[in-house]
Structure formats: structure tokens, C-alpha cells
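Here the structure is laid out as C-alpha cells; the discussion comes afterwards.
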There are 2 protein chains.
Amino acid sequence: MGEGGGEGTVVTPEAEFPALGPEELGSLRRIGDRWRVARREQPEPAGELPVDPTLGRYRRRPAPSRFGRLAPIELFRVEEPDELVATEQANLPGSRLGRGLVRLRRGALGPPLNSAAVLYERMRKLVALPVLSSDLLSSVAYGPEAMLAVLVLAGGAALGLSLPLGALLVLLMVAVGVSYRQTIPAYPHGAGSYLVAGDNLGAGAGLTAAAGLMIDYVLTVSVSVAAGIHAITSALPGLTGLTVPLGVLVIAVLLAGNLRGVRTAGNIFVLPTYAFIAALLAVLGAGFLQAAGRGFTALPAPDVPAAEGLGLLLVLRAFSSGAVSMTGIEAVSNAIPAFRPPEWRNARTTLSWMVAMLVVLFASIVVLIHLDGLVPRSGETLLSQLARTSFPTGPWYALVQAATALILLLAANTAFNDFPRLLFFMARAGHAPRRFLHMGDRLAFSNGLVALSGTAALVFVTFGGHTEALIPLYAVGVFLAFTLSQAGMVVHWRRRRGARWRRRLAVNAVGTTLSGLVLLTAAVAKFAEGAWVVVVAVPLLVLLFHRVQRHYRQQHRALALRPPGTAQTSPGAPRGTAAGDADGAPLPAEGQEVPQQIRHLVVVPVARLNRASLRALAYAASLGQPTLAVHLAPNEVEADRFRGQWEAWGDHLRLETIVSPYRAVIGPLAHYLEALHASRADLVLTVIVPEVVLRHRWHRPLHSQVERRLRRALRELPGVVVTSVPVHLPG
Amino acid sequence: MGEGGGEGTVVTPEAEFPALGPEELGSLRRIGDRWRVARREQPEPAGELPVDPTLGRYRRRPAPSRFGRLAPIELFRVEEPDELVATEQANLPGSRLGRGLVRLRRGALGPPLNSAAVLYERMRKLVALPVLSSDLLSSVAYGPEAMLAVLVLAGGAALGLSLPLGALLVLLMVAVGVSYRQTIPAYPHGAGSYLVAGDNLGAGAGLTAAAGLMIDYVLTVSVSVAAGIHAITSALPGLTGLTVPLGVLVIAVLLAGNLRGVRTAGNIFVLPTYAFIAALLAVLGAGFLQAAGRGFTALPAPDVPAAEGLGLLLVLRAFSSGAVSMTGIEAVSNAIPAFRPPEWRNARTTLSWMVAMLVVLFASIVVLIHLDGLVPRSGETLLSQLARTSFPTGPWYALVQAATALILLLAANTAFNDFPRLLFFMARAGHAPRRFLHMGDRLAFSNGLVALSGTAALVFVTFGGHTEALIPLYAVGVFLAFTLSQAGMVVHWRRRRGARWRRRLAVNAVGTTLSGLVLLTAAVAKFAEGAWVVVVAVPLLVLLFHRVQRHYRQQHRALALRPPGTAQTSPGAPRGTAAGDADGAPLPAEGQEVPQQIRHLVVVPVARLNRASLRALAYAASLGQPTLAVHLAPNEVEADRFRGQWEAWGDHLRLETIVSPYRAVIGPLAHYLEALHASRADLVLTVIVPEVVLRHRWHRPLHSQVERRLRRALRELPGVVVTSVPVHLPG
């Protein structure tokens, strides 16, 4: 991850346009010198441009545009000489349908945002807290329940183990929280596991952490939405049948909200998170008051028959299920750049608040469940039972459930913040498709958002929206990322040292060990229950990331600028012909040509003589290069007829007829061009094809679309350039 | 249908290349003169070609081809000066996968056939009879049963009506048969309903007949296959569950057989048809012998309770159901060109034989069913019951059923012969997509064959392969075509007169009246049972054919050659600018340009400087036309950085930077080009885009494919030509 770490983790729209390295810049200079030398020998070919490229003349003499308005829209402003700035209008597509769709989208998601606005979309702490903590805090709505649901398998008596297991988990939370507190100032531009593990442990570890995180984000959405819907159906059992469509709807709404952009999305989430914290504190307060009334004696739990023996494996499963309460703790470290400056300090403070609240809520819930003697039931969540116990009557119960459902549904939003950002970093390092670098017109990473919601919806539907079925998959990815991130920090302190590095190393080492133990526990104890999916998926994803990077590396190597004269055979050229032309001089590789080295032959395939083909012929002839027309005939009769027409026209260009007795067109033409190229390897063949532009999509099956198939066949050939001359049909 | 009728109905591969009319040829000459005049003013731009277009040099100096073989394959032969003939090898696509697929197809369907072989693929009568009659004769396997199945609804007593209804149907068969006998010599090049009705009653009637026929052909395949499978499951009830997959398999085998070509397909069908006729005659002979033994007294039918009253509607439904026995009678008249010469005489003789056999078989079956007192049952066909009665034991029953199944499954083949030929005629007249003119490399109309089998398989699967459910749809289409064809002949005789025209007119008038009555009966009596589908589909199809023709007409009008100077605004040009350029001189319309009128501006969009973009820039500069490079930047920072690189390169071409603050690329670029074009409407903008050619399909999502989207956006603009300069990546 050396490349990624070096560039910092600021998210910018220029990331799509990486700068040239000093070597490439040097090559560029030397290539330019060759152009200059070559140019001196010939008269200036370009000469004066026939138009003003800054459109000055266009703006003085308004002409109606294709949109049919009489006044021209100001599509471009001149900012500096030779630089235009496109206005919002210039983004609209040309077709009426396309413009309608864009307007519709803008109506729903807001007007496009200027690239210059990217810095202002930052969150202050009071907004960041609810946005980033909703995932972590909402975990207490299903974490303790997941733990007890495993313990209860060994009978009601085993539920007593929840107290020591809960204490262990609190310890884990504090350890991991402190560990992350140290990571944030060390990586002030973004301390995601992918970056930290990659920076310190190597690219493979970074990609493994990334794979774990990606699975974690997808599952965060699926699990949170599933648990949120469950909170609703606990209060309104009539809605149980609608679980799947409701969940998909929620995911769609979250997608739309996030496509609008970060700040707006943040504002939506402020109220529910604080409401949830308040409601939960009220439930816990009331519960503890009741418990205090009876002298904190635990009520006896209903007798549940044991389904399994109380073995070590069961305890481990319960522990790792409870550990899902910690999911979301990493959210802050990924999102440092989204804070207002000073970013890292604000982020660290937010993290401390979050962990403190998590510990308080989690511990109180576990203790109160024990005191009230509650047992997991399939139809109703434990949190709902707690609320019913604390507020048996009145609107309070409904309020608590509503707040729980809301925060769970919105917790998924954390993943919507982090997943696209992770993909951005990965894409910048070449590990993910480059399209994840592109910021949509609302400055959001639209492609990443769509990818996340699509995958999460798929997982949600596949598992029928059952929280319990999804939990076993959840812990592995999260703790994989935790472990690698903290192990990376251990290496970081050993390398960099700095003030109090031994103490810091120790803190991160404890975090690493504990997270690693949970990871192992989760992977082994829940392997058969679903963790195997993750165990299989992580290496596959890592392999995919590697293959993606290899492709980009190869492409970069093939397209990188090299000093002229560097011998390299043209990759696409046929063997044997690449070595040299007729005179034995070496041919320049693709992309190393100097204009004066290029020899042209223009080839125009003509099926019949009409305005379209005559337009292509006129265009070809106007280029002033040697031109050859080619006609393919199914038999001699047609060939002779066509030659007759050609002579009637005046035989202005050289015509070659090819009889294709098996009636194929593309194959013989491609082979013919290949043969021409083989006879003079230094030639560039420009194939000029008339392309009839259809007005309606349904007309497409009425045309053979030979141009399209021809283009596809010819693009494989070296030295063949395809030019489409459009001919427009009336309405 | 004037155009179609005038050209005769010979099927030729040249039909894809229609000849120019005298007017267009005249325009072509005058256009050519203008090129000559313009050319004299300038030095010859084309000059000597740098290669020998007949590949003479290539063939003397063998070079390894892209296939990696050391010896060159002889892809082209020189037949005359300036004419090459492609060999079979030249049809192979360039990619390894493509070549493998072609070889596989050729292994299954045979080697490609030369266009010159088209005349020899003709049938002699003894082959034509089974090929064309399998549809008609096999109809007796389900026609009588369909009639009785309706009658039995009114109870066992109503079955006695089968004799008078059968007699009426025999009368109808003879009348329609004689009527068609008269049509064949009148239209010796193909007497399909589409041509006859179109020629005499106008294009609308022809298209209506064509729509009816197309539905008929599709249903012929579905019904025959369904009845054939039913014959099998009558003998082997265990296979009933496999009806649908078996039917789809049979349709696929028929498709493959027909893609091989007509003659081969014919040979497959000789034996089963004759075997069916022999088997049926044996069953009938044995049955009548048994009946003679008891003095031709009818056995009492089992008592069936009446489900409906015996009303007129029921009798009409029974009659029109029985009329499906006549489907396929039109096969010969469509297929006249497939006969050996003298085509029409051989066709007429074959028709007479067929009708005679139909009448014998149909009448005998109806009578024998009555004599044996048989009643339709759901599990077993009536023909199977007849065979069991005649041959209660021994292998004879199995043989009869096998022959019946085989002929039914192959009867579908008639449609495979006629459907593509009908589409060929329609495509030639512009009523159907032009791709149906194309003969595949086995000289079969592959596109039509694939369309037929796809639709038939869809219908078969939709109706679950139930013959009874399909029958109500069947009669309407057939009798619509019969009626229109014979009505056309009435008009024909009245117009042309000739020898004995009154008698001939009378014969056809009787045929028209009877067919028309059956058509009405079928449409009304079976409307609710399924005929409504056809009643709705026919006008929709006719509308579609009209729309298709309108599109082709518009296209032809737009692309037809016109004498130069004919003022016509360029159809794609923006309003206002089409009127003239800056000097007020009229601009030539698209396709009317003379090379010397064309003014060029070459525009190269450059996203980043690498070998791909430098290749595009070198290509652009080498054209020797004014050239402008355009860069789109997301913000000022990136724009300045790019300009720095451009200057480092040497600033060889004029660069225009456009800041697109909303990060869109396609929209602003298209608008910019449009604005440039608006400022000088006589300019042709050649946009040169580097196109990175990927080696693997899975790499595609890793690239933004801006070129492709750009090409799509720019092809709508007038005066913009797009050139793709391919850059090949190594493996």
C-alpha cells in the first residue's frame, strides 16, 4: 500500500487524473523534441484554426441551439485565455429523454455540486457523533440478544454466564477503543484498516483487511436493516410478512439519501440517534429503579429445557456472537477526513464518547436482562421485552421501539459513508475498478453507493431478512479488520518509535491479541453456521483485487510514456511483420509514432451507392490521402452490376471488388485489410464506414448494423483506424 | 405489393443488393460529373496507391498471418483484374473462440455452400410430396378428433353429426384444392397468399394474409409437435410428464436440420411420410374389413352424458375445429420455386396428389370412427384407439403410433420451409426487417428459421404442449390466408380474363365463399376459447409491417441519389444553421458534398498524456488538417497541471482546456463540439479518440469506456465524424 499511504487520504476529484511522474515527464519532453525536429522538415500542417476555440465568435452571434430555443444558453464561460468553464447546463445530455431523466434525478437528489465545494462538506462533532455512532450504538440492540440466544441453547441455567461474558466483552471494547484512539493521531488523514495494515504489514495484509471490511459493510447494512425491521415487527406483529419488501425499501431510501451527499445525509441522522440514546437510558433507568425497589434481587428466569450440553464451544459461540456489539467501532478511524479541522482531534474525541456510551449501554442492558430474568424469544426482541417490563403501559413502549427501529435502520448509513471511501482508496491504488474514483454530480461516490446497496439488498433477500441467520457471518470480517489494523500499529510503533512508543506498542499489542482471539473464536465456533462463507470469500476477494491491480499495472506499463527509440515491439502487431517494414527499418511501436512517419491508406467499404456511401467517399477523398473503395458481392453477377454503377459514377476512386461466395461480409473484409496491412506494415489503414443514425431505438433490429460488427472485428487488427461518418435520417 | 409481384419470386442472394433505378443512375452520373469538375481545379489528391489492391505482392512474399501459422492460407484468389474471390477460409473470424464456434457449427450443419449452388437445391416431386404434404396429411391425426371432441360435449348421440359435417369438410377440401390448382399456373413463380392477395387486392390485403400465414406457420409447428408428442404418450403414458422438454427438443432438432439446407432436410422426411400413409391405409383397410365382416353396422358408442345443449354454435365450433384438417393445403403454392423445372406443373401435380390423399384419409377415418363407435378420451388419441381396434395385438399398433408420431413431428417442417421464404418476400418489399433477405452460409434463410423456432417454442411452452388448447387459435389464421388468396384470384380473373376465365372465376369464387364462411365461423364460435388472440394479433402485425415499411421508405428516400443541386435541408442539421454558412451560400446536404467542399477541423479529446493519447495526436497531426486538442478538467488545479504537461511536451498542437466543475465529461464535450460547429456550419469536425482494446471481456468493467459513450453522444450531432484509433494492450 506504499502508493496509497504516500498520497494521504484526502478525497479529491482530481484523483481520476493522476499526475505524471518525473520519469514520464522527461520522456514526454524528449518525445516532444522529436515532433519538433520532424516538423521542421515539412510546412506547418495545422495552420490557423478555422474557428475560435474559445467560442468568442459564437457568443457574439447567437445561433439557436439543437434544443430549439431561440436564445442560446450560456453553456461555457471564458475564465482565462484558452480555458472555458462549463456551466450546469452543459452537463445536460442532448436527447430529450436524457434531459428529462437528468432533471428528474436532480429534482430528487439536488442540483449538481461544484468540485470546489468538496472541502465544505465536513461534519462537526455533534453531527459526526450520531452519523458515525449509529452503527456502533445500535449494535446493542442485537448484540446481547445474539449472545443470550446461544447460551439459552444449554438451558435457562446457562443464562447466568452472560454476566462474566459481558464483563469480558466490556474489557475487549475498552482495549480495542484505546487501541483505535492511538491509531487516529498516527494516521491523521484516515486510519482505516486497509491503509494502516497495508502501510505496515504489506499490500496483502491491507487487501485482506479491505476484504474483511467490505464484507463487514455489506453485512452492517443487511443486519441493521433486518434488526430494525424486527424491532418494528416486535411491536406490530402484523407486518412480519412484509419483512423482505420493507427491508429493500429501506435500503433504497438510504441509497437515495446518500446520493444527495454527506452533509444532508448527516442531518437526517442527528435526531434518531440522540432519541435512541435517551429512550434506552430511560428504559434502563426505569428498570434499575424497579430492581432497586426489590433490592437488586434477580427475578427467576422461566425454565427453558436445554437443547445442547454446556460445552466450551457453546460458550465461545456465545462470546463471539456477543462481540458483534462492537461492530462499528472502526467507523471513526475511516472517516477522519469527513471531520472539520482539526480532523484527527475531533475524530479522537468523538471515538472516546462513542466507546464510553457503548460500554455504559451494553453493560447496563446485560445486567438488567439478568435482573429481570428475561429469556430470548423468537417473536419479540429482548430490547422490546425490556421496554415492556420497564414501561408496561402507555406510549413509552411504542416510543422506545420506534427509536430503536429508526436508529437500526439508520445505522446502515455508517456503511454508506465508509464503503465508497474504502473503494476510492482501493481504486486509487489500482486494486478496485477506477470508476470508484469518480465523484457523481453531488460529490458523492455514486458508483460505490450503488454497489453497496445492491449487494446488501441481495444478501438481505437471500437470507430472508433474518437477523439470526446473518450474525454468524458478521463477526469474522469485522474482527479480521480490527486484528490487522492493530497488528499494523504494533509494527508502526516499533518502526517509528517516538514518544512513549513502548507503552503505545503494548496497548496495540493487547488490542491485537484480544481481537485476534475473537476472530479465531468466531471463525472456528461459527464455521458451520455461516462463517465459512466469509472464510471462503475473503481470499477470493483478495485474489480479485490482485488480478485487478495486475491488469491496471500491465495497462499502465503498456501506455506509460517512454523515451523515444526505446525498442519495444508493438503489442498488437502480428508476429513477423512487427520487426520492420519492406526496407528493414524498425517500425515505431503503437503510441511512439511521429506524425511524419505515418503513411496513410484510406479504405472505404461500399455495399451500395447511395447518399450515405457517397458521403463517406467524399469525406475519404477530401482527406487527400490515397484512397481505395472495396465492394463485397455475393456472386459475379452482382459484382459486375456494381462495377457498372461505379463506372457510371465516373470511376473517381480506385475500386476493388471481392466476391464472397459464402455471403459473409465481416470475415473477408477483415482478412483483406489484414492482408493489405501485411504487404506494407508501415501503413495505417483508415477504414471509413458510413453509419446511418437511427432516430428510434426500435428501428435498430431493422438494420444489419454492419458498421458495428465491422468495428468490433477491425479493432483487433494492428494499424487499422475506423472512422464512422454519420448520416442522419429525418424524424 | 406491386414491387414484390413485379420482381418474381425467385430467391436469390443478390436480393440484399437491389439495383439502382434509372433515375438514381442518372443522378449518379450527374453527381460524378460534379466530382470531376471539382477535381480538375486541384491536383489529384489520391495519387498512386501504396499497395497492390489485388494483393499480388502479398501472395509472392508469404508472411505469417495473425493466426500464427507460418504458411499463409490462400484467403483470396484473383479471378479478373481488380476482382478477388474470398475462399472458405476467409469467412473464419479472427478470434480463436470465434473460429472454434464456426468450426463446431460447420461440423453440425455442413460446410458453407457457394452462392452459385442456389439453383441446384431443388426438389423432385417424389421428395417434394413428403416434404410439403407432411403438414396437410398429418392434420388428419388431430383434425377429426378436434371435431368429435366438440360434438361429444353434447353427449354421445351428437357424435352421429360427424358424418354430415365430415361430408361438408370433404366438399370444402375439394373446392379449396381446385381453387389452388388454378392459382399455381397463374403465379408460376410462387403463389403464396401474400403475393396473390397483395397483387390483386392491394398491399393491405397482402399483409393481412401474411400475418395470418405467419401465425399459421408458428401454430403448425406448435400443434404438430404437440400432437406428435401426444401420439407418443398415448402409446407410452409414462412419458406424459416430459411433454414440454420433449417438444422443445424436437423443435431444436428441426431447426438444426433446416439450417443444413433444403435438400438434406427433404431427404430426412421422405421415409416417415410414406410410412405414415402406408400405416394409416393398413389401419383403415383392416378396420373396414372388420366392419364388412359385421355387414357395416355401426357399433354403439359408449353413453357419454351431455355437458352442453346441442345448439348451432356447438355445431359451428365442431365444424371449424374439423377444418384444421385442411391446414397445410397452401404449402405447395408457396413452395413453387423449390420444385425442379417445370416448377408450376410439378407443383400442381403434387397438389392434386396431396388433396386426393387427404380426402381419402379424412373421409375414411371419420367413417371408421363412426362404425367402430369410438369416443374422444383424454388420455389416448382417437387414431391410437382406431389402431388398437384394427390391430389389437402384435407389433402393428406400435408401428402405427411410431409412424404417426414421426410424421407429426416432421409436419412442422413444412412451416420451416415456408415461413422464412414468406419473410424473404416481405423483406424484399420492405415489410419485414432486411436481415431476412440474407442467406446463411448453407444457403438457408437462417434468421427466419431461428425466428420461427423461437416463437413456436415459446407458444408450445406457454400452452404446456396441449393440442386441444392450441386448436382454437389455429383455424383463423389459415382460413384468413385461404380466403384472401382466393378472393385475389377472383379479382385476377376479372382483370386478366384469358381462356375460360368465367369458369375459373366461378371456381375461385366458390372457394372464397366457403373459406370465408369457415373463417367467420372459426372467429366467432371459438372467439372466447382462444381465437381472440389471433383476431387481436393480425391487425397488430399488419400495423407493424406498415411501420417497418414506412421506416424503410423514409430511409430510402433520405439516402436515395438525387441530382446535385436539388435543394434539401440536411435532415440532421440544427435549425437555422442548415440554411447557409457565414457567407450565405447554401450548404450541401449530407451525402451531397463534393470532396473539395469539405473543410476539416480535427479535434482530439485528451484526458491524460500517455501512449494512447499521443498515438491519437500523432494520427491527427499526420492528416495535415487544422487540429485542436481539448482537455476536460474537474477543477482549475488539474487544468493548470495538465497545461504544464502540455508545455513540457512542446505545445505542438493548439490546446483548449475546459473546466467541468460538475465532473461530467460527455455532456460538456458534446456541447462544445456543437458550439464549434455552430460557429462554422460548413466545417466537418473529425473527433479522434484513442480506444484501448482490451484482451479479455472481464476487463471491461475496469474501464470507463468513455470512447463508447462519447461516440454514442456525438453520432447525433451533424457534421461530426468520430475516428477510433485503437491501442492494443499486451495479453
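Ligands are numbered from 1 in the order shown, residues from 1 within each chain, and chains are lettered A, B, ... in the order they appear in the C-alpha cells.
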Find the spatial neighbours of Met173 in chain B, counting only C-alpha atoms, within a cut-off of 7 Å - ignore same-chain residues fewer than 4 positions away - and output them as an mmCIF file with all heavy atoms, in the first residue's frame.
data_model
loop_
_atom_site.group_PDB
_atom_site.id
_atom_site.type_symbol
_atom_site.label_atom_id
_atom_site.label_comp_id
_atom_site.auth_asym_id
_atom_site.auth_seq_id
_atom_site.Cartn_x
_atom_site.Cartn_y
_atom_site.Cartn_z
ATOM 1 N N LEU B 169 -66.906 -31.057 -44.973
ATOM 2 C CA LEU B 169 -65.477 -30.720 -44.974
ATOM 3 C C LEU B 169 -64.789 -31.266 -46.221
ATOM 4 O O LEU B 169 -63.911 -30.610 -46.800
ATOM 5 C CB LEU B 169 -64.805 -31.269 -43.709
ATOM 6 C CG LEU B 169 -65.076 -30.442 -42.445
ATOM 7 C CD1 LEU B 169 -64.580 -31.165 -41.198
ATOM 8 C CD2 LEU B 169 -64.391 -29.080 -42.555
ATOM 9 N N GLY B 177 -58.962 -27.074 -52.866
ATOM 10 C CA GLY B 177 -57.905 -27.704 -53.646
ATOM 11 C C GLY B 177 -57.981 -27.284 -55.103
ATOM 12 O O GLY B 177 -56.974 -26.885 -55.707
ATOM 13 N N MET B 326 -57.467 -29.240 -42.819
ATOM 14 C CA MET B 326 -57.046 -28.691 -44.107
ATOM 15 C C MET B 326 -55.769 -27.855 -44.005
ATOM 16 O O MET B 326 -55.257 -27.398 -45.031
ATOM 17 C CB MET B 326 -58.148 -27.804 -44.676
ATOM 18 C CG MET B 326 -59.348 -28.580 -45.103
ATOM 19 S SD MET B 326 -60.608 -27.425 -45.597
ATOM 20 C CE MET B 326 -59.793 -26.608 -46.942
#
With chain B superposed on chain A over the full set of C-alpha atoms in order, the residual RMSD is 0.2 Å
Those of range 167-405 of chain B in DSSP helix (DSSP H, G or I), formatted as JSON, numbers by chain
{"B": [167, 168, 169, 170, 171, 172, 173, 174, 175, 176, 177, 178, 179, 180, 181, 182, 183, 184, 185, 186, 193, 194, 195, 196, 197, 198, 199, 200, 201, 203, 204, 205, 206, 207, 208, 209, 210, 211, 212, 213, 214, 215, 216, 217, 218, 219, 220, 221, 222, 223, 224, 225, 226, 227, 228, 229, 230, 231, 232, 233, 234, 235, 237, 238, 239, 240, 241, 242, 243, 244, 245, 246, 247, 248, 249, 250, 251, 252, 253, 254, 255, 256, 257, 258, 259, 262, 263, 264, 265, 266, 267, 268, 269, 270, 271, 272, 273, 274, 275, 276, 277, 278, 279, 280, 281, 282, 283, 284, 285, 286, 287, 288, 289, 290, 291, 292, 293, 312, 313, 314, 315, 316, 317, 318, 319, 320, 321, 322, 323, 324, 325, 326, 331, 332, 333, 334, 336, 337, 338, 343, 344, 345, 346, 347, 348, 349, 350, 351, 352, 353, 354, 355, 356, 357, 358, 359, 360, 361, 362, 363, 364, 365, 366, 367, 368, 369, 370, 371, 372, 382, 383, 384, 385, 386, 387, 388, 389, 390, 396, 397, 398, 399, 400, 401, 402, 403, 404, 405]}
